[in-house]
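*Asks:* Sharing data.cif (mmCIF, C-alpha atoms) below.
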data_run
#
loop_
_atom_site.label_atom_id
_atom_site.label_comp_id
_atom_site.auth_asym_id
_atom_site.auth_seq_id
_atom_site.Cartn_x
_atom_site.Cartn_y
_atom_site.Cartn_z
CA MET A 82 51.02 114.09 210.51
CA SER A 83 54.38 112.43 209.73
CA ALA A 84 54.88 110.70 206.44
CA PRO A 85 54.81 106.89 206.53
CA ILE A 86 58.19 105.15 206.52
CA LYS A 87 58.85 103.23 203.33
CA GLU A 88 60.30 99.77 203.81
CA THR A 89 62.82 98.63 201.24
CA ALA A 90 62.25 95.21 199.84
CA PRO A 91 65.04 92.70 200.50
CA ALA A 92 67.24 91.69 197.60
CA PRO A 93 66.11 88.53 195.81
CA ALA A 94 67.87 85.34 196.76
CA GLY A 95 70.92 84.54 194.63
CA ARG A 96 71.46 88.16 193.60
CA THR A 97 74.44 90.07 195.01
CA VAL A 98 74.12 93.68 195.96
CA ALA A 99 76.61 95.93 194.17
CA LYS A 100 79.14 97.57 196.43
CA ALA A 101 79.86 101.23 196.28
CA PRO A 102 82.79 102.00 194.00
CA ALA A 103 86.08 102.90 195.63
CA ARG A 104 86.69 106.58 195.97
CA PRO A 105 89.24 108.14 193.57
CA GLY A 106 91.31 109.31 196.50
CA ASP A 107 91.81 105.73 197.75
CA ARG A 108 92.95 104.53 194.34
CA ARG A 109 95.30 107.48 193.98
CA GLY A 110 96.86 106.76 197.37
CA GLU A 111 97.39 103.08 196.52
CA GLY A 112 98.98 104.05 193.21
CA VAL A 113 101.38 106.48 194.89
CA VAL A 114 102.49 103.88 197.42
CA LEU A 115 102.99 101.29 194.70
CA ASN A 116 104.98 103.72 192.53
CA VAL A 117 107.22 104.73 195.43
CA PHE A 118 107.90 101.11 196.33
CA SER A 119 108.57 100.01 192.73
CA HIS A 120 110.80 102.99 191.93
CA GLY A 121 112.71 102.57 195.18
CA PHE A 122 113.30 98.90 194.47
CA LEU A 123 114.46 99.64 190.91
CA ALA A 124 116.81 102.35 192.16
CA LEU A 125 118.31 99.97 194.72
CA TRP A 126 118.69 97.27 192.07
CA ALA A 127 120.41 99.72 189.72
CA LEU A 128 122.86 100.74 192.45
CA LEU A 129 123.71 97.09 193.16
CA ILE A 130 124.58 96.64 189.48
CA VAL A 131 126.18 99.97 188.61
CA LEU A 132 128.38 100.46 191.69
CA PRO A 133 130.41 97.22 191.28
CA LEU A 134 130.94 97.98 187.58
CA LEU A 135 132.00 101.54 188.39
CA TRP A 136 134.37 100.29 191.11
CA LEU A 137 135.89 97.80 188.66
CA VAL A 138 136.53 100.43 185.99
CA LEU A 139 137.96 102.95 188.47
CA SER A 140 140.27 100.31 189.95
CA SER A 141 141.83 99.90 186.49
CA PHE A 142 143.26 103.43 186.76
CA LYS A 143 144.76 102.92 190.21
CA THR A 144 148.07 101.50 191.35
CA ASP A 145 148.58 98.50 193.63
CA ALA A 146 149.33 100.84 196.52
CA GLN A 147 146.10 102.79 195.98
CA ILE A 148 144.02 99.61 195.75
CA GLY A 149 145.61 98.23 198.91
CA GLY A 150 145.32 101.53 200.78
CA SER A 151 141.75 102.51 199.92
CA ALA A 152 139.62 100.27 197.76
CA PHE A 153 136.98 102.99 197.35
CA GLY A 154 139.34 105.92 196.78
CA TRP A 155 139.46 108.01 193.63
CA PRO A 156 142.30 107.34 191.11
CA GLU A 157 145.14 109.86 191.22
CA ASN A 158 146.51 109.39 187.70
CA TRP A 159 144.15 108.87 184.77
CA THR A 160 146.14 106.98 182.16
CA LEU A 161 145.37 104.24 179.66
CA ASP A 162 148.78 102.62 180.03
CA VAL A 163 147.36 99.83 182.16
CA PHE A 164 145.01 98.79 179.34
CA SER A 165 147.95 98.64 176.95
CA ARG A 166 149.87 96.44 179.40
CA ALA A 167 146.88 94.14 179.82
CA TRP A 168 146.50 93.86 176.04
CA ASP A 169 150.20 93.01 175.63
CA LYS A 170 150.09 90.39 178.38
CA GLY A 171 147.68 88.26 176.37
CA ILE A 172 144.26 89.87 176.62
CA GLY A 173 144.48 90.83 172.95
CA ASP A 174 145.00 87.21 171.86
CA TYR A 175 142.25 85.96 174.16
CA PHE A 176 139.91 88.63 172.87
CA LEU A 177 140.64 87.68 169.25
CA ASN A 178 140.07 83.98 169.94
CA THR A 179 136.72 84.72 171.54
CA VAL A 180 135.62 86.90 168.63
CA ILE A 181 136.63 84.23 166.09
CA VAL A 182 134.53 81.61 167.86
CA LEU A 183 131.46 83.83 168.32
CA VAL A 184 131.50 85.16 164.75
CA PHE A 185 130.68 81.64 163.58
CA SER A 186 128.87 80.08 166.54
CA VAL A 187 126.20 82.76 167.12
CA PRO A 188 125.00 83.14 163.46
CA LEU A 189 124.98 79.37 162.95
CA THR A 190 123.08 78.88 166.20
CA MET A 191 120.49 81.41 165.09
CA LEU A 192 120.19 79.85 161.63
CA PHE A 193 119.81 76.23 162.70
CA GLY A 194 117.74 77.06 165.77
CA SER A 195 115.26 79.26 163.90
CA MET A 196 114.91 76.67 161.11
CA ALA A 197 114.15 73.89 163.61
CA ALA A 198 111.75 76.10 165.57
CA TYR A 199 109.94 77.15 162.39
CA VAL A 200 109.35 73.57 161.27
CA LEU A 201 108.18 72.49 164.72
CA ALA A 202 105.86 75.50 165.05
CA ARG A 203 104.32 75.56 161.56
CA TYR A 204 104.20 71.95 160.33
CA ARG A 205 102.32 69.03 161.81
CA PHE A 206 103.90 65.59 161.43
CA ARG A 207 104.35 62.45 163.46
CA GLY A 208 106.87 62.99 166.24
CA ASN A 209 106.57 66.78 166.22
CA ARG A 210 105.93 67.14 169.94
CA LEU A 211 108.50 64.48 170.75
CA LEU A 212 111.21 66.47 168.96
CA TYR A 213 110.08 69.68 170.63
CA TYR A 214 110.25 68.15 174.10
CA PHE A 215 113.63 66.70 173.19
CA PHE A 216 114.96 70.23 172.66
CA VAL A 217 113.27 71.49 175.81
CA ALA A 218 114.85 68.66 177.81
CA GLY A 219 118.23 69.70 176.46
CA ALA A 220 117.77 73.15 177.99
CA MET A 221 117.14 71.56 181.40
CA PHE A 222 120.20 69.29 181.26
CA PRO A 223 123.18 70.69 183.23
CA VAL A 224 126.19 70.96 180.96
CA PHE A 225 128.69 69.74 183.54
CA LEU A 226 127.00 66.31 183.59
CA ALA A 227 128.01 65.82 179.94
CA LEU A 228 131.59 67.09 180.16
CA VAL A 229 133.27 63.65 180.22
CA PRO A 230 131.42 62.10 177.23
CA LEU A 231 131.64 65.45 175.43
CA PHE A 232 135.41 65.53 175.91
CA PHE A 233 135.90 62.05 174.47
CA MET A 234 133.50 62.74 171.60
CA VAL A 235 135.40 65.86 170.58
CA LYS A 236 138.68 63.99 171.04
CA ARG A 237 137.52 61.23 168.67
CA LEU A 238 136.79 63.91 166.09
CA ASP A 239 140.32 65.27 166.62
CA MET A 240 138.92 68.72 167.45
CA LEU A 241 140.33 69.38 170.90
CA ASN A 242 141.89 72.85 171.18
CA THR A 243 140.45 73.89 167.81
CA TYR A 244 138.10 76.68 166.89
CA GLN A 245 135.77 74.42 164.94
CA GLY A 246 135.41 72.01 167.86
CA LEU A 247 134.39 74.77 170.26
CA ILE A 248 132.09 76.31 167.66
CA LEU A 249 130.21 73.03 167.17
CA VAL A 250 129.87 72.54 170.93
CA TYR A 251 128.62 76.11 171.40
CA ILE A 252 126.00 75.56 168.69
CA ALA A 253 124.78 72.35 170.31
CA TYR A 254 124.86 74.00 173.75
CA SER A 255 122.74 76.98 172.63
CA MET A 256 120.29 75.15 170.36
CA PRO A 257 117.73 74.07 173.02
CA PHE A 258 117.12 77.59 174.33
CA THR A 259 117.04 79.02 170.79
CA VAL A 260 114.48 76.47 169.61
CA PHE A 261 112.36 76.93 172.73
CA PHE A 262 112.32 80.72 172.39
CA MET A 263 111.80 80.91 168.63
CA HIS A 264 109.16 78.16 168.64
CA ALA A 265 106.93 80.31 170.85
CA PHE A 266 107.65 83.35 168.67
CA PHE A 267 106.86 81.65 165.35
CA ARG A 268 103.52 80.45 166.73
CA THR A 269 102.47 84.07 167.34
CA LEU A 270 103.07 85.18 163.74
CA PRO A 271 99.91 85.58 161.61
CA THR A 272 98.97 82.46 159.68
CA ALA A 273 97.35 84.47 156.88
CA VAL A 274 100.73 85.75 155.66
CA PHE A 275 102.11 82.21 155.57
CA GLU A 276 99.08 80.91 153.66
CA ALA A 277 99.25 83.81 151.19
CA ALA A 278 102.89 83.03 150.42
CA VAL A 279 102.03 79.36 149.84
CA LEU A 280 99.11 80.26 147.56
CA ASP A 281 101.41 82.55 145.52
CA GLY A 282 103.61 79.54 144.81
CA ALA A 283 106.51 80.31 147.14
CA SER A 284 108.58 77.31 148.14
CA HIS A 285 109.11 76.35 151.78
CA THR A 286 112.64 77.76 151.71
CA ARG A 287 111.57 81.05 150.17
CA THR A 288 108.63 81.37 152.56
CA PHE A 289 110.94 80.91 155.51
CA PHE A 290 113.77 83.23 154.47
CA GLN A 291 111.77 85.98 152.73
CA VAL A 292 108.48 86.03 154.63
CA MET A 293 108.60 84.43 158.08
CA LEU A 294 112.17 85.17 159.12
CA PRO A 295 111.93 88.97 158.57
CA MET A 296 108.72 89.00 160.62
CA ALA A 297 110.57 87.24 163.45
CA LYS A 298 113.33 89.86 163.57
CA PRO A 299 112.55 91.07 167.15
CA GLY A 300 112.71 87.52 168.46
CA LEU A 301 115.93 86.81 166.56
CA ILE A 302 117.61 89.88 168.03
CA SER A 303 116.52 88.99 171.56
CA VAL A 304 117.67 85.39 171.47
CA GLY A 305 120.82 86.43 169.59
CA ILE A 306 121.77 88.79 172.43
CA PHE A 307 121.19 86.06 175.01
CA ASN A 308 123.29 83.59 173.02
CA THR A 309 126.08 86.14 172.61
CA LEU A 310 126.15 86.85 176.33
CA GLY A 311 126.04 83.18 177.23
CA GLN A 312 128.80 82.13 174.84
CA TRP A 313 130.99 85.16 175.59
CA ASN A 314 130.90 84.39 179.33
CA GLN A 315 131.18 80.61 178.98
CA PHE A 316 133.97 79.14 181.10
CA ILE A 317 133.39 75.42 181.69
CA LEU A 318 133.28 74.31 178.05
CA PRO A 319 136.43 76.13 176.84
CA THR A 320 138.30 75.05 179.98
CA VAL A 321 137.64 71.41 179.10
CA LEU A 322 137.96 71.60 175.32
CA MET A 323 140.54 74.35 174.69
CA GLN A 324 143.62 73.00 176.45
CA PRO A 325 146.92 72.38 174.58
CA GLN A 326 147.32 68.67 173.90
CA SER A 327 151.10 68.74 173.41
CA GLY A 328 154.07 71.04 173.74
CA ASP A 329 153.78 72.12 170.10
CA ASP A 330 150.03 72.77 170.34
CA PRO A 331 149.41 76.55 170.55
CA GLU A 332 147.28 78.12 173.24
CA ARG A 333 143.86 79.17 171.98
CA TYR A 334 142.38 80.40 175.24
CA VAL A 335 139.23 82.51 175.18
CA LEU A 336 138.68 85.52 177.45
CA THR A 337 137.31 83.66 180.45
CA GLN A 338 140.30 81.31 180.42
CA GLY A 339 142.68 84.15 179.69
CA LEU A 340 141.67 86.13 182.76
CA ILE A 341 142.42 83.12 184.97
CA GLN A 342 145.76 82.62 183.20
CA LEU A 343 146.56 86.30 183.68
CA GLN A 344 145.95 85.99 187.40
CA GLN A 345 148.04 82.83 187.70
CA GLN A 346 150.94 84.24 185.69
CA GLN A 347 151.36 87.13 188.11
CA GLY A 348 152.37 84.90 190.99
CA TYR A 349 153.71 86.97 193.87
CA ALA A 350 154.30 90.00 191.64
CA THR A 351 150.68 91.05 191.70
CA ASP A 352 149.51 93.66 189.25
CA LEU A 353 145.87 94.14 190.18
CA PRO A 354 145.27 97.12 187.84
CA VAL A 355 146.17 94.93 184.86
CA LEU A 356 143.72 92.28 186.02
CA PHE A 357 140.98 94.88 186.49
CA ALA A 358 141.77 96.32 183.07
CA GLY A 359 141.46 92.87 181.52
CA VAL A 360 138.06 92.34 183.12
CA THR A 361 136.98 95.79 181.90
CA ILE A 362 138.08 94.96 178.34
CA ALA A 363 136.08 91.73 178.49
CA MET A 364 133.03 93.51 179.90
CA ILE A 365 132.75 96.59 177.67
CA PRO A 366 131.76 94.82 174.38
CA MET A 367 128.81 93.07 176.02
CA LEU A 368 127.63 96.30 177.63
CA VAL A 369 127.81 98.06 174.27
CA VAL A 370 125.89 95.27 172.53
CA TYR A 371 123.14 95.16 175.15
CA LEU A 372 122.73 98.93 175.42
CA SER A 373 122.61 99.22 171.62
CA PHE A 374 119.84 96.63 171.25
CA GLN A 375 117.97 96.94 174.54
CA ARG A 376 114.79 98.22 172.86
CA GLN A 377 114.82 95.35 170.39
CA VAL A 378 115.35 92.90 173.24
CA GLN A 379 112.38 94.31 175.14
CA ALA A 380 110.23 94.25 172.00
CA GLY A 381 111.16 90.63 171.32
CA LEU A 382 110.39 89.54 174.88
CA THR A 383 107.01 91.28 174.99
CA SER A 384 105.79 90.76 171.42
CA ALA A 385 104.58 87.20 172.04
CA THR A 386 102.47 88.38 174.98
CA LEU A 387 101.09 91.41 173.18
CA LYS A 388 100.07 89.37 170.17
#
Could the structure of this file be written out as structure tokens, please?

*Replies:*
Amino acid sequence: MSAPIKETAPAPAGRTVAKAPARPGDRRGEGVVLNVFSHGFLALWALLIVLPLLWLVLSSFKTDAQIGGSAFGWPENWTLDVFSRAWDKGIGDYFLNTVIVLVFSVPLTMLFGSMAAYVLARYRFRGNRLLYYFFVAGAMFPVFLALVPLFFMVKRLDMLNTYQGLILVYIAYSMPFTVFFMHAFFRTLPTAVFEAAVLDGASHTRTFFQVMLPMAKPGLISVGIFNTLGQWNQFILPTVLMQPQSGDDPERYVLTQGLIQLQQQQGYATDLPVLFAGVTIAMIPMLVVYLSFQRQVQAGLTSATLK
């Protein structure tokens, strides 16, 4: 006699039946496809960035005839003479002017921006959010819309074509992003350390400089790199503010202006290797800075999320 067939009771209403877990082979296959796609995309992206930079550097060692004959050919003579000629044609002065401006503008931007962000992130007072949104709105405001009033404001201060005028404008230009970035970073720092410093009798200034600011080092490095890159590559502001106002007024062009001047000075007697060498000289310091601090930049960008 056959055994009776057991009927399974239906699942109660409102209760979902658990699905069978996915097989390990399916997950492994999806992971392989995703890895191949992501690595392929990153490799393509790296080629799109590295190949133009490599072409630019190699073109600095070529002659005009080689550049005109084959843009992708290999240089025949490897010599640094073209870099010396580019330096003598004004790149050295433009480089020095840019360094003078950034030596003051970047540290002052970091100091004032971190102080403002710290107060807005750690202290509650009337108008706190209004001031914060004021800085955020400044980051959304296109700079070219303020060029005309900015020009006349700097002119009234008698700071046109001066280092201090461009430094002050760079600080004001970079403050919104610095405050926005550091405000989010200071809010992630542990409150217990801040309260312990206050209970030990530390003043607000000492708490900021000796306790909170060292803890915010990853964020400071990250936003400092971004400010350095942005101010080093700035073209619109120095073009408007760093023009000689008279025949006796010296030229204080920065690198971005200097490269345009170098191209215009050549006229019909083109010397493309010198122009490529000038661009290479302007590019190398930023590559060195970023490659030297890339881990700190990544740590600063991810620390807020991890915390």

*Asks:* Could you state which residues are captured by the PyMOL selection byres ((chain A and resi 301) around 12) in this file, as an MDAnalysis selection string?

*Replies:* chainID A and resid 187:188 190:196 198 259:260 262:267 293:300 302:309 374 377:382 384

*Asks:* On this file, the PyMOL selection byres ((chain A and resi 234-251) around 12) gives some set of residues; write that set as an mmCIF file with C-alpha atoms, in the coordinates of the input.

*Replies:*
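As a result, selection.cif now contains:
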data_model
loop_
_atom_site.group_PDB
_atom_site.id
_atom_site.type_symbol
_atom_site.label_atom_id
_atom_site.label_comp_id
_atom_site.auth_asym_id
_atom_site.auth_seq_id
_atom_site.Cartn_x
_atom_site.Cartn_y
_atom_site.Cartn_z
ATOM 1 C CA LEU A 177 140.640 87.680 169.250
ATOM 2 C CA ASN A 178 140.070 83.980 169.940
ATOM 3 C CA THR A 179 136.720 84.720 171.540
ATOM 4 C CA VAL A 180 135.620 86.900 168.630
ATOM 5 C CA ILE A 181 136.630 84.230 166.090
ATOM 6 C CA VAL A 182 134.530 81.610 167.860
ATOM 7 C CA LEU A 183 131.460 83.830 168.320
ATOM 8 C CA VAL A 184 131.500 85.160 164.750
ATOM 9 C CA PHE A 185 130.680 81.640 163.580
ATOM 10 C CA SER A 186 128.870 80.080 166.540
ATOM 11 C CA VAL A 187 126.200 82.760 167.120
ATOM 12 C CA PRO A 188 125.000 83.140 163.460
ATOM 13 C CA LEU A 189 124.980 79.370 162.950
ATOM 14 C CA THR A 190 123.080 78.880 166.200
ATOM 15 C CA MET A 191 120.490 81.410 165.090
ATOM 16 C CA PHE A 193 119.810 76.230 162.700
ATOM 17 C CA VAL A 224 126.190 70.960 180.960
ATOM 18 C CA ALA A 227 128.010 65.820 179.940
ATOM 19 C CA LEU A 228 131.590 67.090 180.160
ATOM 20 C CA VAL A 229 133.270 63.650 180.220
ATOM 21 C CA PRO A 230 131.420 62.100 177.230
ATOM 22 C CA LEU A 231 131.640 65.450 175.430
ATOM 23 C CA PHE A 232 135.410 65.530 175.910
ATOM 24 C CA PHE A 233 135.900 62.050 174.470
ATOM 25 C CA ILE A 252 126.000 75.560 168.690
ATOM 26 C CA ALA A 253 124.780 72.350 170.310
ATOM 27 C CA TYR A 254 124.860 74.000 173.750
ATOM 28 C CA SER A 255 122.740 76.980 172.630
ATOM 29 C CA MET A 256 120.290 75.150 170.360
ATOM 30 C CA PRO A 257 117.730 74.070 173.020
ATOM 31 C CA PHE A 258 117.120 77.590 174.330
ATOM 32 C CA THR A 259 117.040 79.020 170.790
ATOM 33 C CA ASN A 308 123.290 83.590 173.020
ATOM 34 C CA THR A 309 126.080 86.140 172.610
ATOM 35 C CA GLY A 311 126.040 83.180 177.230
ATOM 36 C CA GLN A 312 128.800 82.130 174.840
ATOM 37 C CA TRP A 313 130.990 85.160 175.590
ATOM 38 C CA ASN A 314 130.900 84.390 179.330
ATOM 39 C CA GLN A 315 131.180 80.610 178.980
ATOM 40 C CA PHE A 316 133.970 79.140 181.100
ATOM 41 C CA ILE A 317 133.390 75.420 181.690
ATOM 42 C CA LEU A 318 133.280 74.310 178.050
ATOM 43 C CA PRO A 319 136.430 76.130 176.840
ATOM 44 C CA THR A 320 138.300 75.050 179.980
ATOM 45 C CA VAL A 321 137.640 71.410 179.100
ATOM 46 C CA LEU A 322 137.960 71.600 175.320
ATOM 47 C CA MET A 323 140.540 74.350 174.690
ATOM 48 C CA GLN A 324 143.620 73.000 176.450
ATOM 49 C CA PRO A 325 146.920 72.380 174.580
ATOM 50 C CA GLN A 326 147.320 68.670 173.900
ATOM 51 C CA SER A 327 151.100 68.740 173.410
ATOM 52 C CA ASP A 329 153.780 72.120 170.100
ATOM 53 C CA ASP A 330 150.030 72.770 170.340
ATOM 54 C CA PRO A 331 149.410 76.550 170.550
ATOM 55 C CA GLU A 332 147.280 78.120 173.240
ATOM 56 C CA ARG A 333 143.860 79.170 171.980
ATOM 57 C CA TYR A 334 142.380 80.400 175.240
ATOM 58 C CA VAL A 335 139.230 82.510 175.180
#

*Asks:* Would you work out the distance separating atom CA of A:Ile172 from atom CA of A:Gly359, expressed in Å to one decimal?

*Replies:*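 Computing the Euclidean distance for atom CA of A:Ile172 and atom CA of A:Gly359 yields 6.4 Å.
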
*Asks:* Just the number, please: distance in Å from atom CA of A:Asp169 to atom CA of A:Gln338, one decimal.

*Replies:*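 If I compute the distance from atom CA of A:Asp169 to atom CA of A:Gln338, I get 16.1 Å.
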
*Asks:* List the spatial neighbours of A:Trp155 as a VMD selection string - criterion: any atom at most 12 Å away, all atoms listed in the file, same-chain residues fewer than 4 positions off excluded.

*Replies:* chain A and resid 135 to 144 147 to 148 150 to 151 159

*Asks:* Quick one: axis-aligned box around all listed atoms of stretch 206-216 of chain A, 6 Å on every side, centre and edge lengths in Å to one decimal, written as JSON.

*Replies:*
{"center_x": 109.4, "center_y": 66.3, "center_z": 167.8, "size_x": 23.1, "size_y": 19.8, "size_z": 24.7}

*Asks:* Could you tell me how far atom CA of A:Phe164 lies from atom CA of A:Leu134, in Å and to one decimal?

*Replies:*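 Between atom CA of A:Phe164 and atom CA of A:Leu134 the gap is 16.3 Å.
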
*Asks:* List as a compact mmCIF listing (two decimals) with C-alpha atoms, in the coordinates of the input: which residues have an atom within 7 Å of (106.0, 77.5, 157.7), counting only C-alpha atoms?

*Replies:*
# COMPACT_ATOMS: atom_id res chain seq x y z
CA TYR A 199 109.94 77.15 162.39
CA VAL A 200 109.35 73.57 161.27
CA ARG A 203 104.32 75.56 161.56
CA TYR A 204 104.20 71.95 160.33
CA PHE A 275 102.11 82.21 155.57
CA HIS A 285 109.11 76.35 151.78
CA THR A 288 108.63 81.37 152.56
CA PHE A 289 110.94 80.91 155.51

*Asks:* Smallest atom-to-atom distance to A:Gly339: which of A:Leu128, A:Phe122, A:Ala363, A:Glu157, using only C-alpha atoms?

*Replies:* A:Ala363

*Asks:* Take the PyMOL selection byres ((chain A and resi 212) around 12), apply it to the structure above, and return the hits as a list of chain:residue names.

*Replies:*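 Selected by the PyMOL selection byres ((chain A and resi 212) around 12) here: A:Ala197, A:Ala198, A:Val200, A:Leu201, A:Ala202, A:Arg205, A:Phe206, A:Arg207, A:Gly208, A:Asn209, A:Arg210, A:Leu211, A:Tyr213, A:Tyr214, A:Phe215, A:Phe216, A:Val217, A:Ala218, A:Gly219, A:Pro257, A:Val260, A:Phe261, A:His264.
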
*Asks:* Find the residue from A:Leu340, A:Tyr371, A:Asp281, A:Asn158 that sits nearest to A:Phe357; use all atoms listed in the file when measuring.

*Replies:*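 Among the listed residues, A:Leu340 lies closest to A:Phe357.
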
*Asks:* Counting only C-alpha atoms, which residue out of A:Leu336, A:Ala277, A:Ala127, A:Leu161 sits closest to A:Pro366?

*Replies:*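 Looking at the shortest contact to A:Pro366, the residue is A:Leu336.
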